[in-house]
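Undergrad: Structure incoming, see below.
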Amino acid sequence: MIDTAPSRRRFLVLGGALGATALLAWQIQGRMPRAALPGAHQPLAFRPWQFLTLVQACTVALDDPIAGLGTAKDLDAYFAGAGADQAADLAMALGVLEFAPAGLFQPRRFSRLTVPEADAVLAAWERSGLGVRRQIAKALRDAARFTWFAREETWSQLSYEGPWLEAAQ
């Protein structure tokens, strides 16, 4: 009996089929529903998984889970109303961040990372050689910080006493 090695074509076809099956299984597993959204919030502008990515990014930017959730809710409400024209762009950016936080070949979802791991991902994206990654990381951090510190109850943390017009009266 003669043992013959599989042909190069057969090897490539079987390897490609196995890779496609693994990618499909990873995508299906990654899109399976999670537990209820934090605070039982139903997002207005984004899909639930996009909202979870936004919550994680806001939590990292503010280093506070409660502030992160509140800020994500505020941003969701903004993009459902006045910012509706840009909601699709942010949704796409959240998708890129969610499904490829550490690259295409490391199947980890951003919203399922721990806060220190997510912080490391966003920090790496801020230093990335890809301009799109830098823009996504900067936009999410800036939006979270601006939205949170626009609240009057946070002004004391910045030693800001409020608008000068009110103080002069």
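Chain labels follow the order of the structure tokens: the first chain is A, the next B, and so on; residue numbering restarts at 1 in every chain, and ligands are counted from 1 in their shown order.
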Would you kindly return, as a PyMOL selection string, each protein, DNA or RNA residue with an atom no farther than 12 Å from any atom of Pro101 in chain A, considering only C-alpha atoms and excluding same-chain residues fewer than 2 positions away?
TA: chain A and resi 53+57+93-99+103-113+117-125+128+133+136-137
Undergrad: Could the residues in this selection be written to a file with N, CA and C atoms, as an mmCIF file, in the first residue's frame?
TA:
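Writing done, so here's part.cif:
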data_model
loop_
_atom_site.group_PDB
_atom_site.id
_atom_site.type_symbol
_atom_site.label_atom_id
_atom_site.label_comp_id
_atom_site.auth_asym_id
_atom_site.auth_seq_id
_atom_site.Cartn_x
_atom_site.Cartn_y
_atom_site.Cartn_z
ATOM 1 N N THR A 53 -20.628 48.375 23.714
ATOM 2 C CA THR A 53 -19.293 48.838 23.338
ATOM 3 C C THR A 53 -19.107 50.285 23.757
ATOM 4 N N ALA A 57 -16.353 51.817 26.378
ATOM 5 C CA ALA A 57 -15.438 52.899 26.005
ATOM 6 C C ALA A 57 -15.583 54.094 26.949
ATOM 7 N N ALA A 93 -17.977 52.791 13.698
ATOM 8 C CA ALA A 93 -16.759 52.834 14.506
ATOM 9 C C ALA A 93 -16.870 51.891 15.706
ATOM 10 N N LEU A 94 -18.042 51.856 16.329
ATOM 11 C CA LEU A 94 -18.247 50.945 17.457
ATOM 12 C C LEU A 94 -18.152 49.496 17.002
ATOM 13 N N GLY A 95 -18.618 49.194 15.801
ATOM 14 C CA GLY A 95 -18.508 47.839 15.256
ATOM 15 C C GLY A 95 -17.066 47.432 15.030
ATOM 16 N N VAL A 96 -16.265 48.335 14.498
ATOM 17 C CA VAL A 96 -14.847 48.045 14.283
ATOM 18 C C VAL A 96 -14.165 47.799 15.626
ATOM 19 N N LEU A 97 -14.444 48.642 16.591
ATOM 20 C CA LEU A 97 -13.839 48.488 17.912
ATOM 21 C C LEU A 97 -14.301 47.198 18.588
ATOM 22 N N GLU A 98 -15.584 46.870 18.467
ATOM 23 C CA GLU A 98 -16.136 45.691 19.136
ATOM 24 C C GLU A 98 -15.555 44.391 18.605
ATOM 25 N N PHE A 99 -15.478 44.248 17.279
ATOM 26 C CA PHE A 99 -15.132 42.959 16.701
ATOM 27 C C PHE A 99 -13.670 42.805 16.340
ATOM 28 N N GLY A 103 -7.028 43.298 16.659
ATOM 29 C CA GLY A 103 -6.690 42.807 15.330
ATOM 30 C C GLY A 103 -7.662 41.723 14.894
ATOM 31 N N LEU A 104 -7.617 41.410 13.619
ATOM 32 C CA LEU A 104 -8.568 40.449 13.066
ATOM 33 C C LEU A 104 -8.346 39.026 13.555
ATOM 34 N N PHE A 105 -7.137 38.696 13.930
ATOM 35 C CA PHE A 105 -6.837 37.305 14.254
ATOM 36 C C PHE A 105 -6.796 37.023 15.751
ATOM 37 N N GLN A 106 -7.285 37.946 16.538
ATOM 38 C CA GLN A 106 -7.429 37.728 17.973
ATOM 39 C C GLN A 106 -8.895 37.929 18.319
ATOM 40 N N PRO A 107 -9.677 36.857 18.273
ATOM 41 C CA PRO A 107 -11.133 36.980 18.414
ATOM 42 C C PRO A 107 -11.592 37.295 19.834
ATOM 43 N N ARG A 108 -11.515 38.562 20.175
ATOM 44 C CA ARG A 108 -12.008 39.027 21.479
ATOM 45 C C ARG A 108 -12.912 40.212 21.220
ATOM 46 N N ARG A 109 -14.022 40.265 21.917
ATOM 47 C CA ARG A 109 -14.935 41.395 21.764
ATOM 48 C C ARG A 109 -14.608 42.455 22.795
ATOM 49 N N PHE A 110 -14.609 43.698 22.387
ATOM 50 C CA PHE A 110 -14.242 44.810 23.253
ATOM 51 C C PHE A 110 -15.146 44.904 24.470
ATOM 52 N N SER A 111 -16.444 44.731 24.284
ATOM 53 C CA SER A 111 -17.381 44.883 25.403
ATOM 54 C C SER A 111 -17.241 43.774 26.442
ATOM 55 N N ARG A 112 -16.562 42.706 26.106
ATOM 56 C CA ARG A 112 -16.386 41.599 27.051
ATOM 57 C C ARG A 112 -15.009 41.596 27.715
ATOM 58 N N LEU A 113 -14.208 42.594 27.412
ATOM 59 C CA LEU A 113 -12.903 42.715 28.065
ATOM 60 C C LEU A 113 -13.084 43.317 29.454
ATOM 61 N N GLU A 117 -8.099 45.720 30.488
ATOM 62 C CA GLU A 117 -7.803 45.243 29.134
ATOM 63 C C GLU A 117 -8.350 46.205 28.088
ATOM 64 N N ALA A 118 -9.563 46.699 28.301
ATOM 65 C CA ALA A 118 -10.165 47.652 27.371
ATOM 66 C C ALA A 118 -9.364 48.951 27.342
ATOM 67 N N ASP A 119 -8.871 49.378 28.501
ATOM 68 C CA ASP A 119 -8.039 50.578 28.573
ATOM 69 C C ASP A 119 -6.764 50.374 27.764
ATOM 70 N N ALA A 120 -6.162 49.201 27.876
ATOM 71 C CA ALA A 120 -4.946 48.904 27.108
ATOM 72 C C ALA A 120 -5.236 48.914 25.608
ATOM 73 N N VAL A 121 -6.384 48.405 25.208
ATOM 74 C CA VAL A 121 -6.757 48.406 23.789
ATOM 75 C C VAL A 121 -6.908 49.837 23.289
ATOM 76 N N LEU A 122 -7.657 50.673 24.018
ATOM 77 C CA LEU A 122 -7.844 52.058 23.568
ATOM 78 C C LEU A 122 -6.527 52.830 23.569
ATOM 79 N N ALA A 123 -5.673 52.563 24.546
ATOM 80 C CA ALA A 123 -4.366 53.225 24.568
ATOM 81 C C ALA A 123 -3.534 52.798 23.355
ATOM 82 N N ALA A 124 -3.587 51.517 23.010
ATOM 83 C CA ALA A 124 -2.864 51.032 21.828
ATOM 84 C C ALA A 124 -3.443 51.645 20.548
ATOM 85 N N TRP A 125 -4.761 51.798 20.507
ATOM 86 C CA TRP A 125 -5.392 52.407 19.337
ATOM 87 C C TRP A 125 -4.992 53.875 19.217
ATOM 88 N N SER A 128 -1.718 53.881 17.478
ATOM 89 C CA SER A 128 -1.685 53.035 16.292
ATOM 90 C C SER A 128 -1.140 53.774 15.083
ATOM 91 N N ARG A 133 -7.898 54.050 13.443
ATOM 92 C CA ARG A 133 -7.906 53.599 14.842
ATOM 93 C C ARG A 133 -7.676 54.771 15.791
ATOM 94 N N ILE A 136 -10.900 56.836 15.996
ATOM 95 C CA ILE A 136 -11.961 56.183 16.766
ATOM 96 C C ILE A 136 -11.678 56.307 18.257
ATOM 97 N N ALA A 137 -10.458 55.999 18.667
ATOM 98 C CA ALA A 137 -10.111 56.058 20.089
ATOM 99 C C ALA A 137 -10.240 57.481 20.621
#
Undergrad: In range 108-151 of chain A, what's helix (DSSP H, G or I) per DSSP? Answer as number ranges by chain?
TA: A: 110-112, 115-126, 131-149
Undergrad: Within 7 Å of Arg145 in chain A, counting only C-alpha atoms, which residues qualify if same-chain residues fewer than 3 places away don't, as a list in words?
TA: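 Here the answer would be Ala61, Leu62, Arg141, Asp142, Trp148 and Phe149 of chain A.
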Undergrad: Quick one, how far is CA of Val60 in chain A from CA of Val115 in chain A?
TA: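 Going from CA of Val60 in chain A over to CA of Val115 in chain A covers 6.2 Å.
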